[in-house]
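> So here's target-v7.pdb (PDB, C-alpha atoms, pLDDT in the B column).
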```pdb
MODEL        1
ATOM      1  CA  MET A   1       3.305 -30.255  13.117  1.00 45.00           C
ATOM      2  CA  ARG A   2       3.897 -31.864   9.717  1.00 47.00           C
ATOM      3  CA  SER A   3       2.699 -31.172   6.223  1.00 51.00           C
ATOM      4  CA  ASP A   4       3.323 -32.930   2.908  1.00 53.00           C
ATOM      5  CA  VAL A   5       2.442 -29.759   1.022  1.00 47.00           C
ATOM      6  CA  GLU A   6       5.514 -27.913  -0.192  1.00 49.00           C
ATOM      7  CA  LEU A   7       5.573 -24.266   0.838  1.00 43.00           C
ATOM      8  CA  PRO A   8       5.820 -21.718  -1.986  1.00 46.00           C
ATOM      9  CA  LYS A   9       9.360 -20.516  -2.675  1.00 49.00           C
ATOM     10  CA  ARG A  10       9.985 -17.036  -1.332  1.00 45.00           C
ATOM     11  CA  HIS A  11      10.684 -14.532  -4.086  1.00 49.00           C
ATOM     12  CA  ASP A  12      13.984 -12.681  -4.195  1.00 49.00           C
ATOM     13  CA  HIS A  13      13.815  -9.283  -2.445  1.00 47.00           C
ATOM     14  CA  ASP A  14      10.294 -10.215  -1.277  1.00 55.00           C
ATOM     15  CA  PHE A  15       8.987  -9.166  -4.706  1.00 58.00           C
ATOM     16  CA  TYR A  16       5.410 -10.189  -5.529  1.00 68.00           C
ATOM     17  CA  LYS A  17       3.879  -8.424  -8.517  1.00 81.00           C
ATOM     18  CA  THR A  18       0.413  -7.026  -7.771  1.00 87.00           C
ATOM     19  CA  PRO A  19      -2.099  -8.015 -10.477  1.00 89.00           C
ATOM     20  CA  SER A  20      -3.255  -4.820 -12.210  1.00 93.00           C
ATOM     21  CA  GLU A  21      -6.897  -5.630 -11.454  1.00 94.00           C
ATOM     22  CA  PHE A  22      -6.120  -5.561  -7.722  1.00 92.00           C
ATOM     23  CA  ALA A  23      -4.230  -2.278  -7.966  1.00 96.00           C
ATOM     24  CA  SER A  24      -7.212  -0.770  -9.789  1.00 96.00           C
ATOM     25  CA  LEU A  25      -9.658  -2.209  -7.238  1.00 96.00           C
ATOM     26  CA  GLY A  26      -7.622  -0.739  -4.391  1.00 97.00           C
ATOM     27  CA  LEU A  27      -7.451   2.687  -6.022  1.00 97.00           C
ATOM     28  CA  GLU A  28     -11.227   2.676  -6.559  1.00 96.00           C
ATOM     29  CA  PHE A  29     -11.621   1.924  -2.865  1.00 97.00           C
ATOM     30  CA  LEU A  30      -9.186   4.727  -1.987  1.00 96.00           C
ATOM     31  CA  TRP A  31     -11.096   7.212  -4.139  1.00 93.00           C
ATOM     32  CA  ARG A  32     -14.307   6.403  -2.258  1.00 93.00           C
ATOM     33  CA  GLN A  33     -12.546   7.011   1.057  1.00 94.00           C
ATOM     34  CA  ILE A  34     -11.145  10.354  -0.093  1.00 92.00           C
ATOM     35  CA  ALA A  35     -14.625  11.363  -1.244  1.00 89.00           C
ATOM     36  CA  ARG A  36     -15.939  10.637   2.281  1.00 88.00           C
ATOM     37  CA  ILE A  37     -14.235  13.773   3.579  1.00 85.00           C
ATOM     38  CA  ASP A  38     -15.885  15.974   0.933  1.00 75.00           C
ATOM     39  CA  PRO A  39     -19.703  15.747   0.911  1.00 62.00           C
ATOM     40  CA  PHE A  40     -19.842  17.658  -2.384  1.00 61.00           C
ATOM     41  CA  GLY A  41     -17.633  15.148  -4.186  1.00 61.00           C
ATOM     42  CA  GLN A  42     -15.033  17.695  -5.215  1.00 62.00           C
ATOM     43  CA  VAL A  43     -12.054  15.648  -4.000  1.00 66.00           C
ATOM     44  CA  PRO A  44     -10.640  14.019  -5.950  1.00 74.00           C
ATOM     45  CA  ASN A  45     -11.692  15.756  -9.145  1.00 71.00           C
ATOM     46  CA  ALA A  46     -10.501  15.973 -12.719  1.00 65.00           C
ATOM     47  CA  GLY A  47      -8.046  18.752 -11.883  1.00 76.00           C
ATOM     48  CA  TRP A  48      -6.496  17.105  -8.828  1.00 84.00           C
ATOM     49  CA  ALA A  49      -2.736  16.654  -9.240  1.00 91.00           C
ATOM     50  CA  PRO A  50      -1.383  14.967  -6.098  1.00 94.00           C
ATOM     51  CA  LEU A  51       2.221  14.351  -5.144  1.00 94.00           C
ATOM     52  CA  VAL A  52       2.428  10.524  -5.049  1.00 96.00           C
ATOM     53  CA  LEU A  53       4.912   7.992  -3.700  1.00 96.00           C
ATOM     54  CA  ASP A  54       5.011   4.275  -4.529  1.00 97.00           C
ATOM     55  CA  PRO A  55       7.553   2.500  -2.276  1.00 95.00           C
ATOM     56  CA  GLY A  56       8.466  -1.015  -3.349  1.00 91.00           C
ATOM     57  CA  SER A  57       7.296  -0.157  -6.864  1.00 94.00           C
ATOM     58  CA  GLY A  58       8.202  -3.458  -8.508  1.00 92.00           C
ATOM     59  CA  GLU A  59       7.335  -3.219 -12.200  1.00 93.00           C
ATOM     60  CA  GLY A  60       5.260  -0.061 -11.811  1.00 96.00           C
ATOM     61  CA  VAL A  61       1.784  -1.607 -11.772  1.00 96.00           C
ATOM     62  CA  TRP A  62       0.412   0.776  -9.126  1.00 97.00           C
ATOM     63  CA  GLY A  63       1.676   3.918 -10.834  1.00 97.00           C
ATOM     64  CA  THR A  64       0.373   2.765 -14.206  1.00 97.00           C
ATOM     65  CA  GLU A  65      -3.100   2.160 -12.768  1.00 97.00           C
ATOM     66  CA  LEU A  66      -3.018   5.439 -10.807  1.00 97.00           C
ATOM     67  CA  ARG A  67      -2.723   7.459 -14.023  1.00 96.00           C
ATOM     68  CA  LYS A  68      -6.150   6.138 -15.034  1.00 94.00           C
ATOM     69  CA  PHE A  69      -7.572   7.957 -11.991  1.00 93.00           C
ATOM     70  CA  CYS A  70      -5.617  11.228 -11.970  1.00 93.00           C
ATOM     71  CA  LEU A  71      -2.581  13.060 -13.346  1.00 93.00           C
ATOM     72  CA  PRO A  72      -0.134  13.411 -10.440  1.00 95.00           C
ATOM     73  CA  ARG A  73       2.129  16.436 -10.481  1.00 92.00           C
ATOM     74  CA  LEU A  74       4.901  14.069  -9.440  1.00 94.00           C
ATOM     75  CA  LEU A  75       4.918  10.264  -9.179  1.00 96.00           C
ATOM     76  CA  VAL A  76       7.946   8.856  -7.375  1.00 95.00           C
ATOM     77  CA  GLY A  77       8.793   5.158  -7.357  1.00 96.00           C
ATOM     78  CA  VAL A  78      11.275   3.472  -5.029  1.00 96.00           C
ATOM     79  CA  GLU A  79      12.445  -0.059  -5.836  1.00 95.00           C
ATOM     80  CA  LEU A  80      15.118  -2.157  -4.145  1.00 92.00           C
ATOM     81  CA  ARG A  81      15.988  -4.119  -7.294  1.00 90.00           C
ATOM     82  CA  GLU A  82      18.045  -2.692 -10.165  1.00 90.00           C
ATOM     83  CA  THR A  83      15.227  -2.037 -12.616  1.00 90.00           C
ATOM     84  CA  ALA A  84      14.568   0.583 -15.270  1.00 92.00           C
ATOM     85  CA  ARG A  85      12.040   3.354 -14.636  1.00 95.00           C
ATOM     86  CA  PRO A  86       8.550   2.396 -15.878  1.00 96.00           C
ATOM     87  CA  ALA A  87       6.963   4.941 -18.213  1.00 96.00           C
ATOM     88  CA  ALA A  88       4.278   5.995 -15.687  1.00 97.00           C
ATOM     89  CA  TYR A  89       6.820   7.357 -13.178  1.00 97.00           C
ATOM     90  CA  ASP A  90       8.424  10.807 -13.126  1.00 96.00           C
ATOM     91  CA  ARG A  91      11.163   9.843 -10.667  1.00 95.00           C
ATOM     92  CA  TRP A  92      12.615   6.371 -10.109  1.00 95.00           C
ATOM     93  CA  ILE A  93      14.901   5.665  -7.169  1.00 95.00           C
ATOM     94  CA  VAL A  94      16.750   2.365  -6.797  1.00 95.00           C
ATOM     95  CA  GLY A  95      17.360   1.663  -3.132  1.00 94.00           C
ATOM     96  CA  ASP A  96      15.911   0.657   0.219  1.00 94.00           C
ATOM     97  CA  PHE A  97      12.811   2.750   0.925  1.00 95.00           C
ATOM     98  CA  LEU A  98      13.523   2.695   4.657  1.00 94.00           C
ATOM     99  CA  ALA A  99      16.997   4.164   4.166  1.00 92.00           C
ATOM    100  CA  THR A 100      16.705   6.366   1.057  1.00 85.00           C
ATOM    101  CA  ALA A 101      16.414  10.157   0.906  1.00 80.00           C
ATOM    102  CA  LEU A 102      13.340  11.178  -1.066  1.00 80.00           C
ATOM    103  CA  PRO A 103      12.404  14.417  -2.884  1.00 67.00           C
ATOM    104  CA  SER A 104       9.875  16.894  -1.503  1.00 57.00           C
ATOM    105  CA  GLN A 105       9.926  15.510   2.035  1.00 55.00           C
ATOM    106  CA  SER A 106       9.466  19.004   3.457  1.00 59.00           C
ATOM    107  CA  ALA A 107       6.117  19.423   1.646  1.00 72.00           C
ATOM    108  CA  GLY A 108       4.959  15.867   2.167  1.00 92.00           C
ATOM    109  CA  PHE A 109       3.233  13.481  -0.212  1.00 95.00           C
ATOM    110  CA  ASP A 110      -0.525  13.606  -0.793  1.00 94.00           C
ATOM    111  CA  LEU A 111      -0.721   9.866  -1.505  1.00 96.00           C
ATOM    112  CA  VAL A 112       1.382   6.808  -0.787  1.00 97.00           C
ATOM    113  CA  ILE A 113       0.278   3.638  -2.599  1.00 98.00           C
ATOM    114  CA  GLY A 114       1.471   0.080  -3.128  1.00 96.00           C
ATOM    115  CA  ASN A 115       2.124  -3.396  -1.840  1.00 93.00           C
ATOM    116  CA  PRO A 116       4.871  -3.372   0.827  1.00 93.00           C
ATOM    117  CA  PRO A 117       7.276  -6.254   1.473  1.00 90.00           C
ATOM    118  CA  TYR A 118       6.941  -8.329   4.647  1.00 81.00           C
ATOM    119  CA  GLY A 119      10.521  -9.468   5.124  1.00 75.00           C
ATOM    120  CA  ARG A 120      11.620 -12.364   7.287  1.00 77.00           C
ATOM    121  CA  PRO A 121       9.734 -13.353  10.453  1.00 74.00           C
ATOM    122  CA  GLY A 122      10.482 -10.879  13.201  1.00 76.00           C
ATOM    123  CA  GLU A 123      11.583  -8.070  10.852  1.00 84.00           C
ATOM    124  CA  HIS A 124       8.163  -6.337  10.908  1.00 89.00           C
ATOM    125  CA  LYS A 125       9.089  -4.795   7.547  1.00 92.00           C
ATOM    126  CA  ALA A 126       5.533  -4.052   6.433  1.00 93.00           C
ATOM    127  CA  GLU A 127       4.879  -2.240   9.693  1.00 95.00           C
ATOM    128  CA  LYS A 128       8.063  -0.206   9.230  1.00 95.00           C
ATOM    129  CA  PHE A 129       6.943   0.677   5.689  1.00 96.00           C
ATOM    130  CA  ILE A 130       3.636   1.999   7.049  1.00 96.00           C
ATOM    131  CA  GLU A 131       5.278   4.049   9.786  1.00 96.00           C
ATOM    132  CA  HIS A 132       7.874   5.517   7.405  1.00 95.00           C
ATOM    133  CA  ALA A 133       5.270   6.248   4.728  1.00 95.00           C
ATOM    134  CA  LEU A 134       2.994   7.995   7.239  1.00 96.00           C
ATOM    135  CA  ALA A 135       5.918  10.176   8.294  1.00 94.00           C
ATOM    136  CA  LEU A 136       6.347  11.277   4.649  1.00 94.00           C
ATOM    137  CA  LEU A 137       2.673  12.218   4.177  1.00 95.00           C
ATOM    138  CA  ALA A 138       1.428  15.787   4.243  1.00 94.00           C
ATOM    139  CA  PRO A 139      -1.201  16.524   6.936  1.00 93.00           C
ATOM    140  CA  GLY A 140      -4.427  14.833   5.875  1.00 94.00           C
ATOM    141  CA  GLY A 141      -2.615  12.780   3.220  1.00 95.00           C
ATOM    142  CA  PHE A 142      -3.669   9.210   2.429  1.00 97.00           C
ATOM    143  CA  LEU A 143      -1.807   5.903   2.453  1.00 98.00           C
ATOM    144  CA  LEU A 144      -3.141   2.839   0.592  1.00 98.00           C
ATOM    145  CA  PHE A 145      -1.400  -0.521   0.983  1.00 98.00           C
ATOM    146  CA  LEU A 146      -2.462  -4.022  -0.032  1.00 96.00           C
ATOM    147  CA  MET A 147      -1.790  -6.102   3.095  1.00 95.00           C
ATOM    148  CA  LYS A 148      -2.269  -9.663   4.257  1.00 93.00           C
ATOM    149  CA  LEU A 149      -5.502  -9.842   6.216  1.00 94.00           C
ATOM    150  CA  THR A 150      -3.595 -11.430   9.106  1.00 93.00           C
ATOM    151  CA  PHE A 151      -1.713  -8.126   9.501  1.00 94.00           C
ATOM    152  CA  LEU A 152      -4.701  -7.004  11.571  1.00 95.00           C
ATOM    153  CA  GLN A 153      -4.198  -9.926  13.958  1.00 92.00           C
ATOM    154  CA  SER A 154      -1.510  -8.685  16.305  1.00 91.00           C
ATOM    155  CA  LYS A 155      -1.618  -7.665  19.952  1.00 94.00           C
ATOM    156  CA  ARG A 156       1.576  -5.679  19.466  1.00 94.00           C
ATOM    157  CA  ARG A 157       0.146  -3.702  16.536  1.00 95.00           C
ATOM    158  CA  ALA A 158      -3.253  -3.344  18.223  1.00 96.00           C
ATOM    159  CA  GLU A 159      -1.564  -1.657  21.179  1.00 96.00           C
ATOM    160  CA  GLY A 160       1.039   0.138  19.086  1.00 96.00           C
ATOM    161  CA  LEU A 161       0.662   1.016  15.389  1.00 96.00           C
ATOM    162  CA  PHE A 162      -3.133   0.773  15.223  1.00 97.00           C
ATOM    163  CA  ARG A 163      -3.621   2.717  18.446  1.00 97.00           C
ATOM    164  CA  GLU A 164      -1.314   5.503  17.294  1.00 97.00           C
ATOM    165  CA  HIS A 165      -2.494   5.375  13.662  1.00 97.00           C
ATOM    166  CA  PRO A 166      -5.929   3.701  13.401  1.00 98.00           C
ATOM    167  CA  PRO A 167      -6.723   2.771   9.785  1.00 98.00           C
ATOM    168  CA  PHE A 168      -9.177   5.148   8.127  1.00 98.00           C
ATOM    169  CA  ALA A 169     -10.754   2.196   6.307  1.00 98.00           C
ATOM    170  CA  VAL A 170     -10.146  -1.490   5.573  1.00 98.00           C
ATOM    171  CA  ALA A 171     -11.548  -3.426   2.604  1.00 98.00           C
ATOM    172  CA  VAL A 172     -11.331  -7.216   2.723  1.00 97.00           C
ATOM    173  CA  CYS A 173     -10.697  -8.669  -0.744  1.00 94.00           C
ATOM    174  CA  LYS A 174     -13.441 -11.125  -1.692  1.00 93.00           C
ATOM    175  CA  LYS A 175     -11.083 -12.558  -4.327  1.00 89.00           C
ATOM    176  CA  ARG A 176      -7.584 -13.709  -3.388  1.00 85.00           C
ATOM    177  CA  PRO A 177      -4.642 -12.405  -5.454  1.00 77.00           C
ATOM    178  CA  PRO A 178      -2.517 -15.294  -6.836  1.00 71.00           C
ATOM    179  CA  PHE A 179       0.903 -14.071  -5.711  1.00 65.00           C
ATOM    180  CA  THR A 180       2.495 -17.514  -5.424  1.00 60.00           C
ATOM    181  CA  GLY A 181       0.625 -19.516  -8.039  1.00 58.00           C
ATOM    182  CA  PRO A 182      -2.597 -21.584  -8.145  1.00 60.00           C
ATOM    183  CA  GLY A 183      -3.520 -23.198  -4.851  1.00 56.00           C
ATOM    184  CA  ASN A 184      -1.253 -20.943  -2.786  1.00 54.00           C
ATOM    185  CA  THR A 185      -3.503 -17.906  -2.465  1.00 63.00           C
ATOM    186  CA  ASP A 186      -3.818 -15.998   0.787  1.00 78.00           C
ATOM    187  CA  SER A 187      -6.358 -13.549   2.217  1.00 90.00           C
ATOM    188  CA  TYR A 188      -5.621  -9.874   1.615  1.00 94.00           C
ATOM    189  CA  ALA A 189      -7.156  -6.506   2.428  1.00 96.00           C
ATOM    190  CA  PHE A 190      -6.697  -2.924   1.303  1.00 97.00           C
ATOM    191  CA  MET A 191      -5.798  -0.693   4.250  1.00 98.00           C
ATOM    192  CA  VAL A 192      -6.176   3.070   4.069  1.00 98.00           C
ATOM    193  CA  PHE A 193      -4.544   5.372   6.600  1.00 98.00           C
ATOM    194  CA  ARG A 194      -4.954   9.134   6.819  1.00 97.00           C
ATOM    195  CA  LYS A 195      -2.262  11.305   8.361  1.00 96.00           C
ATOM    196  CA  GLY A 196      -3.488  12.535  11.733  1.00 95.00           C
ATOM    197  CA  TYR A 197      -6.700  10.454  11.768  1.00 96.00           C
ATOM    198  CA  LYS A 198      -7.831   9.249  15.222  1.00 96.00           C
ATOM    199  CA  GLY A 199     -11.384   8.006  14.598  1.00 96.00           C
ATOM    200  CA  GLU A 200     -13.040   4.641  14.035  1.00 96.00           C
ATOM    201  CA  THR A 201     -12.051   2.269  11.241  1.00 97.00           C
ATOM    202  CA  ARG A 202     -14.570   1.641   8.471  1.00 97.00           C
ATOM    203  CA  LEU A 203     -14.798  -1.982   7.259  1.00 97.00           C
ATOM    204  CA  GLU A 204     -15.915  -3.016   3.777  1.00 97.00           C
ATOM    205  CA  TRP A 205     -15.614  -5.928   1.338  1.00 97.00           C
ATOM    206  CA  VAL A 206     -14.499  -5.449  -2.267  1.00 96.00           C
TER
ENDMDL
END
```
Would you mind writing the file's structure down as structure tokens?

Amino acid sequence: MRSDVELPKRHDHDFYKTPSEFASLGLEFLWRQIARIDPFGQVPNAGWAPLVLDPGSGEGVWGTELRKFCLPRLLVGVELRETARPAAYDRWIVGDFLATALPSQSAGFDLVIGNPPYGRPGEHKAEKFIEHALALLAPGGFLLFLMKLTFLQSKRRAEGLFREHPPFAVAVCKKRPPFTGPGNTDSYAFMVFRKGYKGETRLEWV
């Protein structure tokens, strides 16, 4: 196969900044999914103060947008690059999320949010991020990641990750985030997992 179209240059450390509008859209979707488990609409509420983790935090877009929805009792960011702690975060850890000790692991996080890296072909880094993040969640806790839509297209994941941890809900993005510049957009979806969930996956478009 041959193409005259130059492929977009891969960013160092697989860093692609999530546009704030997409982080906000994903959090709105997450809030609707959390409300599904409470018919009286009491969760989340104005007094909810979750313990939150943002692995692969980048420049802190997700944590900044999260504070428009709630006031977490602790917001922890983990970033591979040597960057200063953004103002929205209470704790900032520089290191590899998959190999870094985190605070409050015994209690578990109520929420994990963000846009995980994909790594090189064959590394399955995004899948490893999901599995590690789920292990750090408290029972019933929620995970929200912005993923490539093609992440759902995998026999290995269908018979492995998604069988063991079926997504609680998936929202296909009607608009494509411009991670690599005009003309290089890709299809993405918000995927929500819930610790211990074994039911059917709800599909939406946002």
> Tell me which protein, DNA and RNA residues are within 10 Å of A:Ala88, counting all atoms listed in the file, leaving out same-chain ones fewer than 4 positions away, and put them as a list in words.
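The residues that qualify are Gly60, Val61, Trp62, Gly63, Thr64, Glu65, Leu66, Arg67, Leu75, Val76 and Gly77 of chain A.
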> Save the residues we just selected, C-alpha atoms, as a short mmCIF file (atom, residue, chain, number, x, y, z; two decimals), keeping the file's coordinate frame?

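Below is the file that was written, selection.cif:
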```cif
data_model
loop_
_atom_site.label_atom_id
_atom_site.label_comp_id
_atom_site.auth_asym_id
_atom_site.auth_seq_id
_atom_site.Cartn_x
_atom_site.Cartn_y
_atom_site.Cartn_z
CA GLY A 60 5.26 -0.06 -11.81
CA VAL A 61 1.78 -1.61 -11.77
CA TRP A 62 0.41 0.78 -9.13
CA GLY A 63 1.68 3.92 -10.83
CA THR A 64 0.37 2.76 -14.21
CA GLU A 65 -3.10 2.16 -12.77
CA LEU A 66 -3.02 5.44 -10.81
CA ARG A 67 -2.72 7.46 -14.02
CA LEU A 75 4.92 10.26 -9.18
CA VAL A 76 7.95 8.86 -7.38
CA GLY A 77 8.79 5.16 -7.36
#
```
> Please write the residues picked by the PyMOL selection byres ((chain A and resi 203) around 12) on this file as a list in words.
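So the PyMOL selection byres ((chain A and resi 203) around 12), applied here, picks out Phe29, Gln33, Pro167, Phe168, Ala169, Val170, Ala171, Val172, Cys173, Ala189, Phe190, Met191, Val192, Glu200, Thr201, Arg202, Glu204, Trp205 and Val206 of chain A.
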> Please, could you write that set of residues out with C-alpha atoms as a PDB file, keeping the file's coordinate frame?

```pdb
ATOM      1  CA  PHE A  29     -11.621   1.924  -2.865  1.00 97.00           C
ATOM      2  CA  GLN A  33     -12.546   7.011   1.057  1.00 94.00           C
ATOM      3  CA  PRO A 167      -6.723   2.771   9.785  1.00 98.00           C
ATOM      4  CA  PHE A 168      -9.177   5.148   8.127  1.00 98.00           C
ATOM      5  CA  ALA A 169     -10.754   2.196   6.307  1.00 98.00           C
ATOM      6  CA  VAL A 170     -10.146  -1.490   5.573  1.00 98.00           C
ATOM      7  CA  ALA A 171     -11.548  -3.426   2.604  1.00 98.00           C
ATOM      8  CA  VAL A 172     -11.331  -7.216   2.723  1.00 97.00           C
ATOM      9  CA  CYS A 173     -10.697  -8.669  -0.744  1.00 94.00           C
ATOM     10  CA  ALA A 189      -7.156  -6.506   2.428  1.00 96.00           C
ATOM     11  CA  PHE A 190      -6.697  -2.924   1.303  1.00 97.00           C
ATOM     12  CA  MET A 191      -5.798  -0.693   4.250  1.00 98.00           C
ATOM     13  CA  VAL A 192      -6.176   3.070   4.069  1.00 98.00           C
ATOM     14  CA  GLU A 200     -13.040   4.641  14.035  1.00 96.00           C
ATOM     15  CA  THR A 201     -12.051   2.269  11.241  1.00 97.00           C
ATOM     16  CA  ARG A 202     -14.570   1.641   8.471  1.00 97.00           C
ATOM     17  CA  GLU A 204     -15.915  -3.016   3.777  1.00 97.00           C
ATOM     18  CA  TRP A 205     -15.614  -5.928   1.338  1.00 97.00           C
ATOM     19  CA  VAL A 206     -14.499  -5.449  -2.267  1.00 96.00           C
TER      20      VAL A 206
END
```
> Between A:Arg85, A:Lys125, A:Lys155, A:Lys68, single out the one closest to A:Ser20, counting all atoms listed in the file.
A:Lys68
> Could you list the residues chosen by the PyMOL selection byres ((chain A and resi 147) around 8) in this structure as a PyMOL selection string?
chain A and resi 115-116+145-146+148-149+151+188-191
> What lies within 9 Å of A:Lys195 using all atoms listed in the file, ignoring chain neighbours under 5 positions off, as a list of chain:residue names?
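Within the cut-off, the hits are A:Leu134, A:Ala135, A:Leu137, A:Ala138, A:Pro139, A:Gly140, A:Gly141, A:Phe142, A:Leu143, A:His165.
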> Rounded to one decimal place, report the atom CA of A:Val52-atom CA of A:Gly199 distance in Å.
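Going from atom CA of A:Val52 over to atom CA of A:Gly199, I get 24.1 Å.
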> Atom CA of A:Pro72 to atom CA of A:Leu53: how many Å, to one decimal?
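Computing the Euclidean distance for atom CA of A:Pro72 and atom CA of A:Leu53 yields 10.0 Å.
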> Calculated over only C-alpha atoms, which of the candidates A:Ile93, A:Val78, A:Leu111, A:Ala35 has the smallest distance to A:Pro55?
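Answer, going by the shortest atom-to-atom distance: A:Val78.
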> Check the smallest atom-to-atom distance from each of A:Glu123, A:Val112, A:Glu59, A:His132 to A:Trp92 using all atoms listed in the file, then report the winner.
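Of all the options, A:Glu59 lies closest to A:Trp92.
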> Box for stretch 131-134 of chain A: with edges along x, y and z, all listed atoms inside and 4 Å added on each side, what are the centre and edge lengths in Å to one decimal, as JSON?

```
{"center_x": 5.4, "center_y": 6.0, "center_z": 7.3, "size_x": 12.9, "size_y": 11.9, "size_z": 13.1}
```
> Could you state the separation of atom CA of A:Pro44 and atom CA of A:Arg73 in Å, given to one decimal place?
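So the two atoms, atom CA of A:Pro44 and atom CA of A:Arg73, lie 13.8 Å apart.
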> So which one's closest to A:Leu30, A:Arg163, A:Leu144, A:Gly47, A:Gly119? Using only C-alpha atoms, please.
A:Leu144
> Rank nothing, just name the residue among A:Phe97, A:Phe162, A:Gly58, A:Leu27 nearest to A:Glu82, using all atoms listed in the file.
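Distance minimum relative to A:Glu82 lands on A:Gly58.
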